[in-house]
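What follows is a set of notes on a single structure, which appears directly below.
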Amino acid sequence: MGTDASETPRARAHHVTDPLIEIDLATELESLRTSASYQAADHAAKTIVKQPGIRVVLIALKAGGHMHEHHADCAITVQGVDGHMEFRVGETLVALTRGRLLTLAAWVPHRVTGIDESALLLTIGGAHVP
């Protein structure tokens with residue numbers, strides 16, 4: 001798997017292309033929230049998995065932080081991990097909270113706003129260039 005038996009689970013988590021990856025989302029979220037990129041902006045992201053056909057990204061937003069309108073080239077799922085966010089598709093506004101899962105077709109413009117400090121897990125399907 002490309003990992004050393006003496007590595008901690010957090011260190012192993014950084015091998016985003018390994019065939020088996022174990023992630024502690026709470027630890028990764030804490031690390032993301034203390035990162036320089038999160039301190040300098042209203043949101044930050046970390047790729048957890050990057051394999052042909054799937055990519056998983058942990059995204060943390062500050063209260064009031066937002067991701068401007070954008071789209072994905074492939075279908076996505078968005079799962080609330082922490083806090084409360086607003087997920088907007090056109091005129092449709094959906095509350096995204098811990099444990100809620102949304103799916104969205106490819107090419108559909110959307111945006112996300114953190115109502116409070118929050119986090120989501122983004123899964124992007126389809127083929128990706130390594």
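Letters A, B, ... mark the chains of the structure tokens in the order given; residue numbers begin at 1 per chain; ligand numbers begin at 1, in order shown.
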Residue contacts of Leu104 of chain A (12 Å, only C-alpha atoms) excluding same-chain residues fewer than 3 positions away, as a list in words: His71, Ala72, Asp73, Cys74, Ala75, Ile76, Thr77, Val78, Gln79, Phe87, Arg88, Val89, Leu101, Trp107, Val108, Pro109, His110, Arg111, Leu122, Thr123, Ile124 and Gly125 of chain A
Under the rule of at most 9 Å, produce a per-residue listing of segment 36-94 of chain A near segment 114-121 of chain A: chain, number, name, the closest pair of atoms, and the distance in Å, as CSV, using only C-alpha atoms.
residue,atom,partner,partner_atom,distance
A:His43,CA,A:Gly114,CA,8.9
A:Val56,CA,A:Leu121,CA,6.9
A:Val57,CA,A:Leu121,CA,5.8
A:Leu58,CA,A:Leu121,CA,4.7
A:Ile59,CA,A:Leu120,CA,5.4
A:Ala60,CA,A:Ala119,CA,4.2
A:Leu61,CA,A:Ser118,CA,5.3
A:Lys62,CA,A:Glu117,CA,4.5
A:Ala63,CA,A:Asp116,CA,3.9
A:Gly64,CA,A:Gly114,CA,5.1
A:Gly65,CA,A:Gly114,CA,5.2
A:His66,CA,A:Gly114,CA,6.1
A:Met67,CA,A:Gly114,CA,8.9
A:Thr77,CA,A:Leu121,CA,8.1
A:Val78,CA,A:Leu121,CA,5.7
A:Gln79,CA,A:Leu121,CA,5.1
A:Gly80,CA,A:Leu120,CA,4.5
A:Val81,CA,A:Leu120,CA,4.9
A:Asp82,CA,A:Ser118,CA,4.9
A:Gly83,CA,A:Ser118,CA,4.1
A:His84,CA,A:Ile115,CA,5.5
A:Met85,CA,A:Gly114,CA,4.4
A:Glu86,CA,A:Gly114,CA,6.5
A:Phe87,CA,A:Gly114,CA,8.9
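Of the residues in segment 19-128 of chain A, those given helix (DSSP H, G or I) by DSSP on the backbone are Leu25, Ala26, Thr27, Glu28, Leu29, Glu30, Ser31, Leu32, Arg33, Ala36, Ser37, Tyr38, Gln39 and Ala40 of chain A.
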Which residue of A:Thr113, A:Arg98, A:Ile48, A:Ala105 approaches Asp24 of chain A most closely, using only C-alpha atoms: A:Ile48
Chain A: residues DSSP assigns to strand (DSSP E or B), reported as JSON, numbers by chain: {"A": [43, 44, 45, 46, 47, 48, 49, 50, 51, 53, 54, 55, 56, 57, 58, 59, 60, 61, 66, 67, 68, 69, 70, 76, 77, 78, 79, 80, 81, 82, 84, 85, 86, 87, 88, 89, 92, 93, 94, 95, 96, 97, 98, 101, 102, 103, 104, 110, 111, 112, 113, 114, 118, 119, 120, 121, 122, 123, 124, 125, 126]}
Atom-to-atom span, atom CA of Thr47 of chain A and atom CA of Glu91 of chain A, Å: 29.1 Å
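Interatomic distance, atom CA of Leu25 of chain A against atom CA of Ala44 of chain A: 14.6 Å.
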Interatomic distance (Å, one decimal) between atom CA of Lys46 of chain A and atom CA of Ile21 of chain A: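 It comes out at 14.4 Å.
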